[in-house]
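target_39.cif (mmCIF, N, CA and C atoms)
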data_run
#
loop_
_atom_site.label_atom_id
_atom_site.label_comp_id
_atom_site.auth_asym_id
_atom_site.auth_seq_id
_atom_site.Cartn_x
_atom_site.Cartn_y
_atom_site.Cartn_z
N MET A 286 -20.66 10.42 -2.62
CA MET A 286 -19.28 10.67 -3.03
C MET A 286 -18.49 11.27 -1.86
N ARG A 287 -19.12 12.19 -1.16
CA ARG A 287 -18.43 12.85 -0.05
C ARG A 287 -18.16 11.88 1.09
N SER A 288 -19.12 10.98 1.37
CA SER A 288 -18.90 9.99 2.45
C SER A 288 -17.81 9.01 2.06
N TRP A 289 -17.73 8.66 0.78
CA TRP A 289 -16.68 7.77 0.31
C TRP A 289 -15.32 8.42 0.51
N LEU A 290 -15.18 9.67 0.15
CA LEU A 290 -13.92 10.37 0.33
C LEU A 290 -13.57 10.50 1.81
N THR A 291 -14.56 10.72 2.63
CA THR A 291 -14.34 10.82 4.07
C THR A 291 -13.83 9.50 4.63
N SER A 292 -14.42 8.39 4.20
CA SER A 292 -13.98 7.09 4.70
C SER A 292 -12.58 6.75 4.22
N VAL A 293 -12.26 7.10 2.99
CA VAL A 293 -10.91 6.85 2.49
C VAL A 293 -9.90 7.69 3.27
N ALA A 294 -10.24 8.94 3.51
CA ALA A 294 -9.35 9.82 4.28
C ALA A 294 -9.16 9.30 5.69
N LEU A 295 -10.23 8.82 6.31
CA LEU A 295 -10.12 8.28 7.66
C LEU A 295 -9.25 7.03 7.67
N ALA A 296 -9.45 6.15 6.72
CA ALA A 296 -8.64 4.93 6.65
C ALA A 296 -7.17 5.27 6.46
N ALA A 297 -6.89 6.20 5.58
CA ALA A 297 -5.50 6.60 5.35
C ALA A 297 -4.91 7.24 6.59
N THR A 298 -5.70 8.04 7.27
CA THR A 298 -5.23 8.70 8.48
C THR A 298 -4.89 7.69 9.56
N LEU A 299 -5.66 6.63 9.67
CA LEU A 299 -5.43 5.64 10.71
C LEU A 299 -4.26 4.70 10.42
N ALA A 300 -4.22 4.14 9.22
CA ALA A 300 -3.28 3.05 8.95
C ALA A 300 -1.94 3.49 8.39
N LEU A 301 -1.94 4.37 7.44
CA LEU A 301 -0.72 4.63 6.69
C LEU A 301 0.39 5.27 7.52
N PRO A 302 0.12 6.24 8.37
CA PRO A 302 1.22 6.78 9.18
C PRO A 302 1.82 5.75 10.13
N LEU A 303 1.01 4.83 10.61
CA LEU A 303 1.53 3.81 11.51
C LEU A 303 2.45 2.84 10.79
N LEU A 304 2.17 2.57 9.52
CA LEU A 304 3.07 1.72 8.76
C LEU A 304 4.43 2.38 8.62
N ALA A 305 4.44 3.66 8.33
CA ALA A 305 5.72 4.38 8.21
C ALA A 305 6.44 4.41 9.55
N HIS A 306 5.69 4.61 10.64
CA HIS A 306 6.28 4.65 11.97
C HIS A 306 6.86 3.30 12.35
N SER A 307 6.14 2.22 12.06
CA SER A 307 6.64 0.90 12.45
C SER A 307 7.87 0.52 11.65
N ALA A 308 7.98 1.00 10.42
CA ALA A 308 9.15 0.69 9.62
C ALA A 308 10.39 1.40 10.16
N ALA A 309 10.21 2.57 10.75
CA ALA A 309 11.34 3.33 11.25
C ALA A 309 11.54 3.20 12.76
N ALA A 310 10.70 2.43 13.42
CA ALA A 310 10.71 2.38 14.87
C ALA A 310 11.98 1.77 15.46
N HIS A 311 12.54 0.80 14.79
CA HIS A 311 13.69 0.09 15.34
C HIS A 311 14.94 0.33 14.50
N GLN A 312 15.21 1.57 14.19
CA GLN A 312 16.37 1.87 13.37
C GLN A 312 17.63 1.42 14.07
N GLY A 313 18.51 0.83 13.26
CA GLY A 313 19.78 0.36 13.79
C GLY A 313 19.69 -1.03 14.39
N THR A 314 18.51 -1.62 14.47
CA THR A 314 18.38 -2.96 15.04
C THR A 314 18.18 -4.02 13.96
N GLY A 315 18.29 -3.61 12.71
CA GLY A 315 18.07 -4.55 11.63
C GLY A 315 16.60 -4.66 11.24
N GLN A 316 15.72 -3.98 11.96
CA GLN A 316 14.30 -4.02 11.65
C GLN A 316 13.83 -2.70 11.05
N ASP A 317 14.75 -1.92 10.50
CA ASP A 317 14.38 -0.60 10.00
C ASP A 317 14.01 -0.61 8.52
N ARG A 318 13.96 -1.78 7.90
CA ARG A 318 13.57 -1.84 6.50
C ARG A 318 12.07 -1.61 6.37
N PRO A 319 11.64 -0.85 5.36
CA PRO A 319 10.20 -0.63 5.19
C PRO A 319 9.52 -1.94 4.79
N ILE A 320 8.23 -1.99 5.03
CA ILE A 320 7.44 -3.15 4.65
C ILE A 320 7.38 -3.21 3.14
N ARG A 321 7.60 -4.39 2.59
CA ARG A 321 7.52 -4.54 1.13
C ARG A 321 6.08 -4.36 0.68
N PRO A 322 5.88 -3.78 -0.48
CA PRO A 322 4.52 -3.46 -0.94
C PRO A 322 3.59 -4.67 -0.97
N HIS A 323 4.07 -5.80 -1.47
CA HIS A 323 3.18 -6.96 -1.56
C HIS A 323 2.79 -7.48 -0.18
N LEU A 324 3.67 -7.31 0.81
CA LEU A 324 3.34 -7.74 2.17
C LEU A 324 2.29 -6.82 2.80
N ALA A 325 2.31 -5.55 2.42
CA ALA A 325 1.29 -4.62 2.91
C ALA A 325 -0.09 -5.04 2.40
N VAL A 326 -0.16 -5.45 1.14
CA VAL A 326 -1.44 -5.90 0.58
C VAL A 326 -1.85 -7.22 1.23
N GLU A 327 -0.90 -8.11 1.43
CA GLU A 327 -1.21 -9.40 2.06
C GLU A 327 -1.69 -9.21 3.50
N SER A 328 -1.27 -8.13 4.15
CA SER A 328 -1.76 -7.87 5.50
C SER A 328 -3.26 -7.59 5.50
N VAL A 329 -3.77 -7.03 4.42
CA VAL A 329 -5.21 -6.83 4.29
C VAL A 329 -5.90 -8.18 4.12
N VAL A 330 -5.32 -9.04 3.27
CA VAL A 330 -5.92 -10.35 3.01
C VAL A 330 -5.92 -11.22 4.27
N ARG A 331 -4.90 -11.08 5.11
CA ARG A 331 -4.85 -11.87 6.34
C ARG A 331 -6.08 -11.64 7.22
N HIS A 332 -6.69 -10.50 7.09
CA HIS A 332 -7.86 -10.17 7.90
C HIS A 332 -9.17 -10.37 7.14
N ARG A 333 -9.17 -11.25 6.16
CA ARG A 333 -10.34 -11.40 5.29
C ARG A 333 -11.60 -11.80 6.06
N GLU A 334 -11.46 -12.60 7.11
CA GLU A 334 -12.65 -12.98 7.87
C GLU A 334 -13.23 -11.77 8.62
N HIS A 335 -12.36 -11.00 9.27
CA HIS A 335 -12.83 -9.82 10.00
C HIS A 335 -13.42 -8.77 9.08
N LEU A 336 -12.89 -8.69 7.87
CA LEU A 336 -13.35 -7.68 6.92
C LEU A 336 -14.53 -8.16 6.08
N ALA A 337 -14.85 -9.45 6.17
CA ALA A 337 -15.91 -10.06 5.37
C ALA A 337 -15.67 -9.82 3.87
N LEU A 338 -14.44 -10.11 3.44
CA LEU A 338 -14.11 -9.96 2.03
C LEU A 338 -14.77 -11.07 1.22
N ASP A 339 -15.31 -10.71 0.06
CA ASP A 339 -15.86 -11.76 -0.80
C ASP A 339 -14.75 -12.36 -1.64
N SER A 340 -15.06 -13.43 -2.33
CA SER A 340 -14.03 -14.16 -3.08
C SER A 340 -13.41 -13.31 -4.19
N MET A 341 -14.20 -12.43 -4.79
CA MET A 341 -13.67 -11.56 -5.85
C MET A 341 -12.65 -10.57 -5.27
N GLN A 342 -12.95 -9.99 -4.11
CA GLN A 342 -12.01 -9.06 -3.47
C GLN A 342 -10.71 -9.78 -3.10
N VAL A 343 -10.84 -10.99 -2.56
CA VAL A 343 -9.65 -11.74 -2.16
C VAL A 343 -8.79 -12.05 -3.38
N SER A 344 -9.41 -12.49 -4.47
CA SER A 344 -8.62 -12.82 -5.66
C SER A 344 -7.97 -11.57 -6.25
N ARG A 345 -8.67 -10.44 -6.23
CA ARG A 345 -8.07 -9.20 -6.74
C ARG A 345 -6.93 -8.71 -5.85
N LEU A 346 -7.08 -8.87 -4.54
CA LEU A 346 -6.00 -8.48 -3.63
C LEU A 346 -4.77 -9.38 -3.81
N TYR A 347 -5.01 -10.69 -3.96
CA TYR A 347 -3.89 -11.60 -4.21
C TYR A 347 -3.20 -11.27 -5.54
N GLU A 348 -3.98 -10.93 -6.55
CA GLU A 348 -3.40 -10.56 -7.85
C GLU A 348 -2.57 -9.28 -7.72
N LEU A 349 -3.07 -8.32 -6.97
CA LEU A 349 -2.32 -7.09 -6.73
C LEU A 349 -1.01 -7.39 -6.00
N ALA A 350 -1.07 -8.23 -4.98
CA ALA A 350 0.14 -8.60 -4.24
C ALA A 350 1.13 -9.32 -5.14
N ARG A 351 0.63 -10.21 -6.01
CA ARG A 351 1.51 -10.93 -6.93
C ARG A 351 2.20 -9.97 -7.90
N ARG A 352 1.43 -9.02 -8.42
CA ARG A 352 2.03 -8.05 -9.34
C ARG A 352 3.07 -7.17 -8.65
N LEU A 353 2.78 -6.78 -7.41
CA LEU A 353 3.73 -5.95 -6.67
C LEU A 353 5.00 -6.73 -6.31
N GLN A 354 4.86 -8.01 -6.06
CA GLN A 354 6.03 -8.82 -5.75
C GLN A 354 6.87 -9.03 -7.01
N ALA A 355 6.21 -9.26 -8.13
CA ALA A 355 6.93 -9.49 -9.38
C ALA A 355 7.61 -8.22 -9.88
N SER A 356 6.97 -7.09 -9.69
CA SER A 356 7.52 -5.83 -10.18
C SER A 356 7.27 -4.72 -9.17
N PRO A 357 8.16 -4.56 -8.18
CA PRO A 357 7.95 -3.54 -7.14
C PRO A 357 8.36 -2.13 -7.55
N VAL A 358 8.58 -1.91 -8.84
CA VAL A 358 8.93 -0.57 -9.32
C VAL A 358 7.91 -0.12 -10.34
N ARG A 359 7.85 1.17 -10.53
CA ARG A 359 6.99 1.72 -11.57
C ARG A 359 7.83 2.67 -12.41
N LEU A 360 7.41 2.83 -13.63
CA LEU A 360 8.08 3.77 -14.52
C LEU A 360 7.29 5.06 -14.52
N ARG A 361 8.04 6.17 -14.50
CA ARG A 361 7.40 7.48 -14.46
C ARG A 361 8.10 8.37 -15.48
N ILE A 362 7.34 9.02 -16.31
CA ILE A 362 7.91 9.95 -17.28
C ILE A 362 8.20 11.25 -16.55
N THR A 363 9.48 11.65 -16.55
CA THR A 363 9.89 12.85 -15.81
C THR A 363 10.20 14.03 -16.72
N GLY A 364 10.09 13.84 -17.99
CA GLY A 364 10.38 14.92 -18.93
C GLY A 364 10.66 14.32 -20.29
N SER A 365 11.36 15.09 -21.10
CA SER A 365 11.73 14.55 -22.40
C SER A 365 13.12 15.03 -22.78
N ASP A 366 13.80 14.17 -23.48
CA ASP A 366 15.12 14.49 -24.01
C ASP A 366 14.95 14.80 -25.49
N ARG A 367 15.64 15.82 -25.91
CA ARG A 367 15.57 16.18 -27.33
C ARG A 367 16.59 15.35 -28.09
N VAL A 368 16.07 14.61 -29.04
CA VAL A 368 16.91 13.85 -29.96
C VAL A 368 16.67 14.50 -31.32
N PRO A 369 17.71 14.65 -32.11
CA PRO A 369 17.49 15.31 -33.40
C PRO A 369 16.31 14.70 -34.17
N GLY A 370 15.35 15.54 -34.46
CA GLY A 370 14.20 15.12 -35.23
C GLY A 370 13.01 14.64 -34.41
N LYS A 371 13.20 14.38 -33.11
CA LYS A 371 12.06 13.93 -32.30
C LYS A 371 12.35 14.13 -30.81
N ALA A 372 11.33 14.02 -30.00
CA ALA A 372 11.48 14.12 -28.56
C ALA A 372 11.31 12.71 -27.97
N ALA A 373 12.24 12.31 -27.12
CA ALA A 373 12.17 11.00 -26.47
C ALA A 373 11.85 11.21 -25.00
N PRO A 374 10.91 10.46 -24.45
CA PRO A 374 10.58 10.65 -23.04
C PRO A 374 11.72 10.21 -22.12
N ARG A 375 11.91 10.97 -21.06
CA ARG A 375 12.88 10.59 -20.03
C ARG A 375 12.10 9.81 -18.97
N VAL A 376 12.52 8.57 -18.72
CA VAL A 376 11.79 7.68 -17.83
C VAL A 376 12.62 7.41 -16.59
N GLU A 377 11.95 7.43 -15.45
CA GLU A 377 12.62 7.17 -14.17
C GLU A 377 11.93 5.98 -13.51
N ARG A 378 12.72 5.08 -12.94
CA ARG A 378 12.18 3.93 -12.21
C ARG A 378 12.16 4.28 -10.72
N THR A 379 10.99 4.14 -10.10
CA THR A 379 10.87 4.40 -8.67
C THR A 379 10.21 3.20 -8.00
N ARG A 380 10.60 2.92 -6.77
CA ARG A 380 10.03 1.81 -6.02
C ARG A 380 8.63 2.18 -5.53
N ILE A 381 7.74 1.22 -5.59
CA ILE A 381 6.40 1.40 -5.07
C ILE A 381 6.48 1.24 -3.55
N THR A 382 5.92 2.18 -2.83
CA THR A 382 5.98 2.13 -1.37
C THR A 382 4.81 1.31 -0.83
N SER A 383 4.93 0.91 0.43
CA SER A 383 3.84 0.17 1.06
C SER A 383 2.60 1.05 1.18
N ARG A 384 2.81 2.33 1.33
CA ARG A 384 1.67 3.27 1.40
C ARG A 384 0.89 3.25 0.09
N GLU A 385 1.60 3.31 -1.03
CA GLU A 385 0.94 3.27 -2.33
C GLU A 385 0.24 1.93 -2.54
N ALA A 386 0.88 0.85 -2.09
CA ALA A 386 0.27 -0.47 -2.23
C ALA A 386 -1.02 -0.56 -1.43
N LEU A 387 -1.02 -0.03 -0.21
CA LEU A 387 -2.24 -0.05 0.60
C LEU A 387 -3.32 0.82 -0.02
N GLU A 388 -2.94 1.95 -0.60
CA GLU A 388 -3.93 2.79 -1.26
C GLU A 388 -4.60 2.03 -2.40
N LYS A 389 -3.81 1.26 -3.16
CA LYS A 389 -4.37 0.44 -4.24
C LYS A 389 -5.27 -0.65 -3.67
N ALA A 390 -4.85 -1.28 -2.59
CA ALA A 390 -5.65 -2.33 -1.97
C ALA A 390 -6.95 -1.77 -1.42
N PHE A 391 -6.90 -0.60 -0.81
CA PHE A 391 -8.11 0.00 -0.22
C PHE A 391 -9.13 0.35 -1.29
N ARG A 392 -8.70 0.59 -2.51
CA ARG A 392 -9.64 0.88 -3.59
C ARG A 392 -10.53 -0.32 -3.90
N LEU A 393 -10.09 -1.51 -3.53
CA LEU A 393 -10.86 -2.73 -3.79
C LEU A 393 -11.85 -3.04 -2.67
N LEU A 394 -11.83 -2.25 -1.61
CA LEU A 394 -12.69 -2.49 -0.45
C LEU A 394 -13.85 -1.50 -0.42
N THR A 395 -14.88 -1.87 0.32
CA THR A 395 -15.99 -0.95 0.54
C THR A 395 -15.55 0.08 1.58
N PRO A 396 -16.26 1.20 1.70
CA PRO A 396 -15.88 2.20 2.70
C PRO A 396 -15.82 1.64 4.13
N ALA A 397 -16.79 0.81 4.50
CA ALA A 397 -16.77 0.22 5.85
C ALA A 397 -15.58 -0.71 6.01
N GLN A 398 -15.26 -1.48 4.97
CA GLN A 398 -14.11 -2.38 5.03
C GLN A 398 -12.80 -1.59 5.13
N ARG A 399 -12.74 -0.45 4.46
CA ARG A 399 -11.52 0.39 4.54
C ARG A 399 -11.26 0.84 5.96
N ILE A 400 -12.30 1.28 6.63
CA ILE A 400 -12.14 1.77 7.99
C ILE A 400 -11.68 0.64 8.90
N GLU A 401 -12.32 -0.52 8.77
CA GLU A 401 -11.96 -1.67 9.61
C GLU A 401 -10.55 -2.16 9.26
N ALA A 402 -10.21 -2.19 7.98
CA ALA A 402 -8.86 -2.61 7.57
C ALA A 402 -7.81 -1.67 8.13
N ALA A 403 -8.08 -0.39 8.09
CA ALA A 403 -7.14 0.59 8.65
C ALA A 403 -6.93 0.35 10.13
N ARG A 404 -8.02 0.06 10.85
CA ARG A 404 -7.91 -0.21 12.28
C ARG A 404 -7.09 -1.49 12.54
N LEU A 405 -7.35 -2.54 11.77
CA LEU A 405 -6.64 -3.80 11.97
C LEU A 405 -5.15 -3.67 11.62
N ILE A 406 -4.85 -2.96 10.55
CA ILE A 406 -3.45 -2.78 10.14
C ILE A 406 -2.73 -1.91 11.14
N ALA A 407 -3.41 -0.89 11.64
CA ALA A 407 -2.80 -0.04 12.67
C ALA A 407 -2.50 -0.87 13.91
N SER A 408 -3.39 -1.77 14.27
CA SER A 408 -3.18 -2.65 15.42
C SER A 408 -1.99 -3.57 15.17
N ASP A 409 -1.89 -4.12 13.95
CA ASP A 409 -0.75 -4.97 13.60
C ASP A 409 0.55 -4.19 13.70
N SER A 410 0.55 -2.96 13.19
CA SER A 410 1.75 -2.13 13.21
C SER A 410 2.16 -1.80 14.62
N ALA A 411 1.20 -1.51 15.48
CA ALA A 411 1.51 -1.21 16.88
C ALA A 411 2.09 -2.43 17.58
N ASP A 412 1.55 -3.61 17.27
CA ASP A 412 2.08 -4.85 17.86
C ASP A 412 3.52 -5.08 17.43
N ARG A 413 3.82 -4.82 16.14
CA ARG A 413 5.18 -5.00 15.62
C ARG A 413 6.15 -4.02 16.27
N THR A 414 5.67 -2.81 16.54
CA THR A 414 6.51 -1.79 17.14
C THR A 414 6.89 -2.14 18.57
N HIS A 415 5.98 -2.78 19.29
CA HIS A 415 6.21 -3.09 20.70
C HIS A 415 7.00 -4.37 20.92
N ARG A 416 7.29 -5.12 19.87
CA ARG A 416 8.07 -6.35 20.02
C ARG A 416 9.51 -6.08 20.23
#
Once you've parsed the file, please lay out its structure as structure tokens.
Amino acid sequence: MRSWLTSVALAATLALPLLAHSAAAHQGTGQDRPIRPHLAVESVVRHREHLALDSMQVSRLYELARRLQASPVRLRITGSDRVPGKAAPRVERTRITSREALEKAFRLLTPAQRIEAARLIASDSADRTHR
């Protein structure tokens, strides 16, 4: 359990900050939009040969990307409003970030695949930043 948490932490440390940096690297040049969540997941699938993903992992990653593309927001209960006689939940819609999408995608990978995926995505982000 501890090694799994360590590998997840290492993968997050390597890849996720670089995604945020690459999204903000070219502010004012029209390239400052963050990576869409489904594209972040598809970036993992693009490296399926290097990561040795099996067919089940690939299909689950594609399904995750499809769901994120179809609905890039999530509903979150932020409290409750009092209505006479009952309490109604107050719901807020928030956009799913590429960081959250990658965290979901990494849950479908083995610890070794997470580390390699983080390295590959960090490399992709660095390449995008230098263009």
Sort by chain and increasing residue number a table of all residues of segment 389-409 of chain A within 10 Å of segment 345-352 of chain A, each with its closest pair of atoms and their distance in Å to one decimal, counting only C-alpha atoms, and write it as CSV.
residue,atom,partner,partner_atom,distance
A:Lys389,CA,A:Leu349,CA,8.2
A:Ala390,CA,A:Leu346,CA,6.4
A:Phe391,CA,A:Leu346,CA,9.4
A:Leu393,CA,A:Leu346,CA,7.5
A:Leu394,CA,A:Leu346,CA,9.5
**Message:** Residues within 6.5 Å of segment 320-332 of chain A, please, as a ChimeraX atom specification. Count all atoms listed in the file; anything in the same chain fewer than 3 positions from it doesn't count.
**Reply:** /A:308,335-338,346,349-351,353-354,381-384,386-387,390,402
#### Entry: Selected residue, from A:Ile406, A:Ala373, A:Thr379, A:Ser344, that lies nearest to Arg361 of chain A when counting only N, CA and C atoms
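Of A:Ile406, A:Ala373, A:Thr379, A:Ser344, the one nearest Arg361 of chain A is A:Thr379, counting only N, CA and C atoms.
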Taking the file as I've supplied it (selection: the PyMOL selection byres ((chain A and resi 378) around 6.5)), which residues are included? Please answer as an MDAnalysis selection string.
chainID A and resid 358:361 376:377 379:380
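When atom CA of Arg333 of chain A is paired with atom CA of Ser410 of chain A, their separation reads 17.2 Å.
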Here atom CA of Ile362 of chain A and atom N of Pro374 of chain A stand apart by 7.8 Å
Atom CA of Ser365 of chain A and atom C of Glu385 of chain A, how far apart in Å?
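Atom C of Glu385 of chain A sits 26.2 Å away from atom CA of Ser365 of chain A.
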Based on the backbone DSSP call, show me all residues of segment 330-388 of chain A assigned strand (DSSP E), as a PDB file with N, CA and C atoms, in the coordinates of the input.
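The result, written out as part01.pdb:
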ATOM      1  N   VAL A 358       8.580  -1.910  -8.840  1.00  0.00           N
ATOM      2  CA  VAL A 358       8.930  -0.570  -9.320  1.00  0.00           C
ATOM      3  C   VAL A 358       7.910  -0.120 -10.340  1.00  0.00           C
ATOM      4  N   ARG A 359       7.850   1.170 -10.530  1.00  0.00           N
ATOM      5  CA  ARG A 359       6.990   1.720 -11.570  1.00  0.00           C
ATOM      6  C   ARG A 359       7.830   2.670 -12.410  1.00  0.00           C
ATOM      7  N   LEU A 360       7.410   2.830 -13.630  1.00  0.00           N
ATOM      8  CA  LEU A 360       8.080   3.770 -14.520  1.00  0.00           C
ATOM      9  C   LEU A 360       7.290   5.060 -14.520  1.00  0.00           C
ATOM     10  N   ARG A 361       8.040   6.170 -14.500  1.00  0.00           N
ATOM     11  CA  ARG A 361       7.400   7.480 -14.460  1.00  0.00           C
ATOM     12  C   ARG A 361       8.100   8.370 -15.480  1.00  0.00           C
ATOM     13  N   ILE A 362       7.340   9.020 -16.310  1.00  0.00           N
ATOM     14  CA  ILE A 362       7.910   9.950 -17.280  1.00  0.00           C
ATOM     15  C   ILE A 362       8.200  11.250 -16.550  1.00  0.00           C
ATOM     16  N   THR A 363       9.480  11.650 -16.550  1.00  0.00           N
ATOM     17  CA  THR A 363       9.890  12.850 -15.810  1.00  0.00           C
ATOM     18  C   THR A 363      10.200  14.030 -16.720  1.00  0.00           C
ATOM     19  N   GLY A 364      10.090  13.840 -17.990  1.00  0.00           N
ATOM     20  CA  GLY A 364      10.380  14.920 -18.930  1.00  0.00           C
ATOM     21  C   GLY A 364      10.660  14.320 -20.290  1.00  0.00           C
ATOM     22  N   SER A 365      11.360  15.090 -21.100  1.00  0.00           N
ATOM     23  CA  SER A 365      11.730  14.550 -22.400  1.00  0.00           C
ATOM     24  C   SER A 365      13.120  15.030 -22.780  1.00  0.00           C
ATOM     25  N   ASP A 366      13.800  14.170 -23.480  1.00  0.00           N
ATOM     26  CA  ASP A 366      15.120  14.490 -24.010  1.00  0.00           C
ATOM     27  C   ASP A 366      14.950  14.800 -25.490  1.00  0.00           C
ATOM     28  N   ARG A 367      15.640  15.820 -25.910  1.00  0.00           N
ATOM     29  CA  ARG A 367      15.570  16.180 -27.330  1.00  0.00           C
ATOM     30  C   ARG A 367      16.590  15.350 -28.090  1.00  0.00           C
ATOM     31  N   VAL A 368      16.070  14.610 -29.040  1.00  0.00           N
ATOM     32  CA  VAL A 368      16.910  13.850 -29.960  1.00  0.00           C
ATOM     33  C   VAL A 368      16.670  14.500 -31.320  1.00  0.00           C
ATOM     34  N   LYS A 371      13.200  14.380 -33.110  1.00  0.00           N
ATOM     35  CA  LYS A 371      12.060  13.930 -32.300  1.00  0.00           C
ATOM     36  C   LYS A 371      12.350  14.130 -30.810  1.00  0.00           C
ATOM     37  N   ALA A 372      11.330  14.020 -30.000  1.00  0.00           N
ATOM     38  CA  ALA A 372      11.480  14.120 -28.560  1.00  0.00           C
ATOM     39  C   ALA A 372      11.310  12.710 -27.970  1.00  0.00           C
ATOM     40  N   ALA A 373      12.240  12.310 -27.120  1.00  0.00           N
ATOM     41  CA  ALA A 373      12.170  11.000 -26.470  1.00  0.00           C
ATOM     42  C   ALA A 373      11.850  11.210 -25.000  1.00  0.00           C
ATOM     43  N   PRO A 374      10.910  10.460 -24.450  1.00  0.00           N
ATOM     44  CA  PRO A 374      10.580  10.650 -23.040  1.00  0.00           C
ATOM     45  C   PRO A 374      11.720  10.210 -22.120  1.00  0.00           C
ATOM     46  N   ARG A 375      11.910  10.970 -21.060  1.00  0.00           N
ATOM     47  CA  ARG A 375      12.880  10.590 -20.030  1.00  0.00           C
ATOM     48  C   ARG A 375      12.100   9.810 -18.970  1.00  0.00           C
ATOM     49  N   VAL A 376      12.520   8.570 -18.720  1.00  0.00           N
ATOM     50  CA  VAL A 376      11.790   7.680 -17.830  1.00  0.00           C
ATOM     51  C   VAL A 376      12.620   7.410 -16.590  1.00  0.00           C
ATOM     52  N   GLU A 377      11.950   7.430 -15.450  1.00  0.00           N
ATOM     53  CA  GLU A 377      12.620   7.170 -14.170  1.00  0.00           C
ATOM     54  C   GLU A 377      11.930   5.980 -13.510  1.00  0.00           C
ATOM     55  N   ARG A 378      12.720   5.080 -12.940  1.00  0.00           N
ATOM     56  CA  ARG A 378      12.180   3.930 -12.210  1.00  0.00           C
ATOM     57  C   ARG A 378      12.160   4.280 -10.720  1.00  0.00           C
ATOM     58  N   THR A 379      10.990   4.140 -10.100  1.00  0.00           N
ATOM     59  CA  THR A 379      10.870   4.400  -8.670  1.00  0.00           C
ATOM     60  C   THR A 379      10.210   3.200  -8.000  1.00  0.00           C
ATOM     61  N   ARG A 380      10.600   2.920  -6.770  1.00  0.00           N
ATOM     62  CA  ARG A 380      10.030   1.810  -6.020  1.00  0.00           C
ATOM     63  C   ARG A 380       8.630   2.180  -5.530  1.00  0.00           C
TER      64      ARG A 380
END
